[in-house]
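This report refers to the structure that appears directly beneath it.
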Amino acid sequence: MPVDPARLEILSALSRKVLWLSSWTIHHANHLRANRDGLKVGGHQASSASLATIMAALYFAVLKPEDRVAVKPHASPVFHAIQYLFGLQTRDKLENFRGFGGAQSYPSRTKDIDDVDFSTGSVGLGVAQTLFSSLAQDYVTAHGWMQDRRAGRMIALIGDAEMDEGNIFEALLEGWKHGLRNTWWVVDYNRQSLDAVVREGLWEKFESMFRNFGWEVVIVKYGRLMQAAFAEPGGAALKAWIDACPNQVYAALCFQGGAAFRKRLEDEIGDQGPVSALIGRRSDAELLALMSNLGGHDMASMVEAFEAIDHDRPVCFIAYTIKGVGLPFQGHKDNHAGLMTVAQMESWRATQAIRPGHEWDRFEGLDHDPAMLQAFLDAVPFAQAGRRRLQAPVIDVPAELAFPATAQLSTQQGFGLILQELARSDSELARRLVTTSPDVTVSTNLGPWVNRRGLFARAEMADQFRKEKIPSMFAWDFSPRGQHVELGIAEMNLFIMLSALGLSHEINGERLLPVGTLYDPFIQRGLDALNYACYQNARFMVAATPSGITLAPEGGAHQSIATPLIGMAQDGLASFEPAFVDELATVMRWGFDHMQRDDGGAVYLRLSTRALEQPKRQITPDLARDIAAGAYWLRRPGPNAELVIAYSGAVAPEAIAAAGLLGEARRDIGLLAVTSADRLHVGWQASRRARRDGRDAAPSHVEILLSGLPRNCGIVSVLDGHPATLAWLGGVAGHRIEALGVDRFGQTGDIDDLYAYYGLDANAIIAAAETLTPGAPARRRKQAV
């Protein structure tokens with residue numbers, strides 16, 4: 001349906017204003033603001049320009065309050081400019097764009113003030129996030145928790161070069177499996193990438209791919225000026241030339257201008273009467289305006305394309321654009337990081353009717369009454385609901401998580417048992433749990449949970465094996481009531497799904513407590529998406545199991561080494577490696593609470609398949625606090641301690657055996673059970689930082705634990721992971737330390753062989769202790785064999 005002319009005029013004016021503000025914001029940061037370190041600031045004026053009309057059409061005409069948008073990273077200035085016009089962004093933030101505390105280089109949920117829906121920056125991930133957020137919205141809706149809210153469209157604005165990212169294709173496949181709805185992807189098809197011009201015919205590949213996955217494809221190629229010209233005599237020949245023109249040639253001509261277009265058209269079309277007359281009737285400026293009037297820059301074409309969609313099927317809009325349109329370097333292949341010079345900006349300022357000193361005025365340069373423009377903005381549907389960050393109540397977590405006591409258990413088995421007990425309950429915690437896994441549900445011990453709670457799908461689908469009366473331990477019934485989302489083998493999808501589920505309380509206004517599982521070594525396969533989820537402050541628990549060389553017969557491809565360091569280094573993620581199941585239950589209970597706290601975050605559990613003898617003890621409040629804080633004394637050292645053995649995870653039996661043998665010759669040996677090197681280290685660094693800043697700070701947990709040790713006491717640390725994970729313990733109070741661990745690829749074998757080979761067994765611990773206390777009896781090493 002045609003756009004009302006008066007509405008179209010205002011939308012076009014606001015689009016021009018957005019282009020000015022975004023370009024000026026970047027110019028101010030690079031040419032006017034003081035530059036103390038001499039580094040280029042940057043800001044992507046060309047990439048912003050190509051999306052200005054599309055984003056203005058969306059935000060000022062199409063979006064509803066319930067819709068959510070992932071903005072192309074390089075169009076961040078356009079987003080901030082639009083929010084500035086809405087009154088949701090401030091001038092001082094724009095003046096400090098890419099400066100400390102200013103508007104962010106790429107839209108950020110946690111660092112920007114203007115209600116960013118999805119953080120973007122690591123290209124492709126924000127695109128995939130919209131798909132999984134739509135699936136999360138379906139999950140919440142199917143469980144009856146969104147009766148007072150309408151489902152929104154999850155929209156991604158994508159640079160065409162961004163489509164090279166593999167995670168986008170992985171996400172498309174997952175969306176098809178789950179019957180994706182309410183998702184729009186808008187491709188800014190400017191046919192330029194960071195370094196070059198994209199290959200010919202790329203849009204045909206996009207179109208075919210999206211249609212194959214069940215998407216509607218809408219191609220917006222020609223603006224109103226072009227369409228009008230095509231209707232003139234000779235217009236068909238002009239259209240045919242445009243369609244056949246190679247990307248590089250078209251981009252170059254857009255940069256060179258109307259005269260270059262005229263010469264190329266006359267040379268290649270020749271004297272054909274009507275088409276020559278069509279070209280001749282236009283000045284060079286008019287011809288450039290015509291040839292630059294691609295669909296993505298034509299407000300009427302974009303609004304009509306968006307408003308024509310009357311269904312909830314996924315839609316891909318391929319909008320033809322020119323990178324840097326309207327700016328002096330439009331179409332130039334080097335314009336990605338290009339900046340207008342001061343002289344170019346002054347010339348462009350004149351064409352935009354911006355008076356010096358009025359660059360930040362919201363309606364400067366527009367011919368419309370400011371009061372009318374403000375009234376229009378106040379009535380925009382997108383802005384009607386106020387702030388977009390929703391809230392949800394905190395879910396009560398019981399004081400303890402139960403599990404059936406067994407003499408021997410692995411932490412992986414314990415994880416499954418804890419979830420199984422939760423599945424049996426009717427608590428709100430159990431109802432709000434949602435699990436997900438990349439095709440390793442059974443092998444990570446989620447099977448019992450799924451048997452009781454079912455798999456999620458929007459339509460009922462019975463387990464065919466069960467219907468055929470074929471015996472199986474697992475019932476794979478799909479229904480809208482299910483609480484497990486089964487994914488294909490793509491760890492990137494797992495972490496983006498966890499990110500989407502873990503933001504439901506702010507996106508959908510309904511809290512979920514997502515728990516994902518995968519094999520520990522494959523955290524590295526999805527690390528970019530894990531980092532992205534944490535950067536967005538998504539709340540989830542990931543159980544990574546099995547881990548380490550303890551997965552002995554599986555060999556090096558399935559044995560993780562660096563993951564404990566990843567857990568320590570990743571901001572927004574509290575990592576744990578418990579040895580015993582009662583520790584795990586304590587950590588999971590703490591984790592479900594931590595996932596809901598304002599100052600909380602996500603949780604990573606590094607678990608093992610090695611069954612250990614379980615201690616018979618009561619977890620007192622003090623012990624629970626110490627476990628959650630990162631460590632406790634399994635054997636408290638005496639006042640004359642010569643040695644402390646600090647261990648994490650599955651190597652507990654070796655540490656306990658070594659402590660027993662060494663205790664015969666050394667006094668007051670301590671055994672420190674480290675449940676979270678990450679939490680210990682974070683607390684220690686926070687206390688040190690506070691003291692450096694001159695603030696009063698209580699000693700950290702690890703400082704308290706080690707405070708009573710004599711200065712000559714040595715520490716041997718050991719874990720099935722990189723030795724650097726615990727090596728820093730020696731620096732807490734200046735103790736000598738020998739750090740044992742794994743820093744080479746694993747291999748096949750049994751646990752005894754591999755622990756001996758990599759130096760994790762009791763003999764290796766005893767040998768390390770002897771290097772800390774020269775002259776001590778060596779005979780105990782033989783007895784440990």
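For the structure tokens, the naming scheme is as follows: chains receive sequential letters (A, B, ...) according to their order of presentation, residues are indexed from 1 within each chain, and ligands are indexed from 1 in presentation order.
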Identify, on the basis of only C-alpha atoms, every residue whose closest approach to Leu157 in chain A does not exceed 7 Å; exclude the query and any residue fewer than 5 positions from it along the same chain; express the result as a PDB file with N, CA and C atoms, in the first residue's frame.
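Produced file result_22.pdb, reproduced below:
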```
ATOM      1  N   ALA A  70      18.722  -6.290  16.276  1.00  0.00           N
ATOM      2  CA  ALA A  70      20.185  -6.387  16.349  1.00  0.00           C
ATOM      3  C   ALA A  70      20.745  -5.533  15.224  1.00  0.00           C
ATOM      4  N   VAL A  71      21.390  -4.437  15.576  1.00  0.00           N
ATOM      5  CA  VAL A  71      21.879  -3.465  14.595  1.00  0.00           C
ATOM      6  C   VAL A  71      23.218  -3.918  14.036  1.00  0.00           C
ATOM      7  N   LYS A  72      23.392  -3.761  12.731  1.00  0.00           N
ATOM      8  CA  LYS A  72      24.694  -4.022  12.115  1.00  0.00           C
ATOM      9  C   LYS A  72      25.767  -3.282  12.906  1.00  0.00           C
ATOM     10  N   TRP A 185      15.353 -10.669   8.728  1.00  0.00           N
ATOM     11  CA  TRP A 185      16.742 -10.292   8.508  1.00  0.00           C
ATOM     12  C   TRP A 185      16.767  -9.335   7.318  1.00  0.00           C
ATOM     13  N   VAL A 186      17.381  -8.174   7.519  1.00  0.00           N
ATOM     14  CA  VAL A 186      17.454  -7.151   6.484  1.00  0.00           C
ATOM     15  C   VAL A 186      18.911  -7.045   6.044  1.00  0.00           C
ATOM     16  N   VAL A 187      19.190  -7.464   4.821  1.00  0.00           N
ATOM     17  CA  VAL A 187      20.561  -7.466   4.311  1.00  0.00           C
ATOM     18  C   VAL A 187      20.837  -6.128   3.630  1.00  0.00           C
TER      19      VAL A 187
END
```
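For the choices A:Asp752, A:Phe306, A:Lys323, A:Pro107, the atom-to-atom distance to Gly338 in chain A is smallest for A:Lys323 when using only C-alpha atoms.
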Do you know which residues are at most 10 Å from Tyr535 in chain A counting only C-alpha atoms, after dropping those on the same chain fewer than 3 positions away, and could you put them as an mmCIF file with N, CA and C atoms, in the first residue's frame?
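Writing the result to result_15.cif gives the following:
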```cif
data_model
loop_
_atom_site.group_PDB
_atom_site.id
_atom_site.type_symbol
_atom_site.label_atom_id
_atom_site.label_comp_id
_atom_site.auth_asym_id
_atom_site.auth_seq_id
_atom_site.Cartn_x
_atom_site.Cartn_y
_atom_site.Cartn_z
ATOM 1 N N SER A 108 25.800 -1.840 22.614
ATOM 2 C CA SER A 108 26.085 -2.701 23.764
ATOM 3 C C SER A 108 24.955 -2.612 24.780
ATOM 4 N N ARG A 109 24.410 -3.753 25.141
ATOM 5 C CA ARG A 109 23.363 -3.799 26.163
ATOM 6 C C ARG A 109 23.868 -3.314 27.512
ATOM 7 N N THR A 110 25.125 -3.567 27.803
ATOM 8 C CA THR A 110 25.643 -3.306 29.143
ATOM 9 C C THR A 110 26.360 -1.971 29.265
ATOM 10 N N LYS A 111 26.763 -1.349 28.160
ATOM 11 C CA LYS A 111 27.567 -0.130 28.239
ATOM 12 C C LYS A 111 26.865 1.104 27.670
ATOM 13 N N SER A 119 23.441 -6.780 21.921
ATOM 14 C CA SER A 119 24.789 -6.302 21.649
ATOM 15 C C SER A 119 25.262 -6.883 20.318
ATOM 16 N N THR A 120 25.990 -6.066 19.582
ATOM 17 C CA THR A 120 26.613 -6.562 18.349
ATOM 18 C C THR A 120 28.053 -6.084 18.321
ATOM 19 N N SER A 499 22.323 -17.718 25.358
ATOM 20 C CA SER A 499 22.261 -16.264 25.464
ATOM 21 C C SER A 499 20.824 -15.781 25.328
ATOM 22 N N ALA A 529 30.910 -17.345 20.694
ATOM 23 C CA ALA A 529 29.509 -17.188 21.100
ATOM 24 C C ALA A 529 29.368 -17.173 22.615
ATOM 25 N N LEU A 530 30.196 -17.931 23.327
ATOM 26 C CA LEU A 530 30.180 -17.890 24.790
ATOM 27 C C LEU A 530 30.580 -16.500 25.279
ATOM 28 N N ASN A 531 31.641 -15.960 24.710
ATOM 29 C CA ASN A 531 32.070 -14.611 25.076
ATOM 30 C C ASN A 531 30.968 -13.602 24.781
ATOM 31 N N TYR A 532 30.313 -13.746 23.632
ATOM 32 C CA TYR A 532 29.226 -12.850 23.244
ATOM 33 C C TYR A 532 28.070 -12.922 24.236
ATOM 34 N N ALA A 538 23.985 -12.245 29.663
ATOM 35 C CA ALA A 538 22.993 -13.319 29.677
ATOM 36 C C ALA A 538 23.263 -14.226 30.870
ATOM 37 N N GLN A 570 37.217 -15.533 31.459
ATOM 38 C CA GLN A 570 35.989 -15.025 30.852
ATOM 39 C C GLN A 570 35.195 -14.171 31.828
ATOM 40 N N ASP A 571 35.048 -12.904 31.493
ATOM 41 C CA ASP A 571 34.245 -11.992 32.305
ATOM 42 C C ASP A 571 32.780 -12.429 32.252
ATOM 43 N N GLY A 572 32.080 -12.260 33.353
ATOM 44 C CA GLY A 572 30.664 -12.593 33.400
ATOM 45 C C GLY A 572 30.365 -14.058 33.569
ATOM 46 N N LEU A 573 31.392 -14.868 33.840
ATOM 47 C CA LEU A 573 31.225 -16.312 33.948
ATOM 48 C C LEU A 573 31.965 -16.806 35.181
#
```
Within range 27-258 of chain A, find each residue whose DSSP state, derived from the backbone, is helix (DSSP H, G or I), and express the selection as a ChimeraX atom specification. /A:27-32,45-49,52-62,73-86,91-95,125-142,160-164,166-177,202-212,224-230,235-244,247-256,258
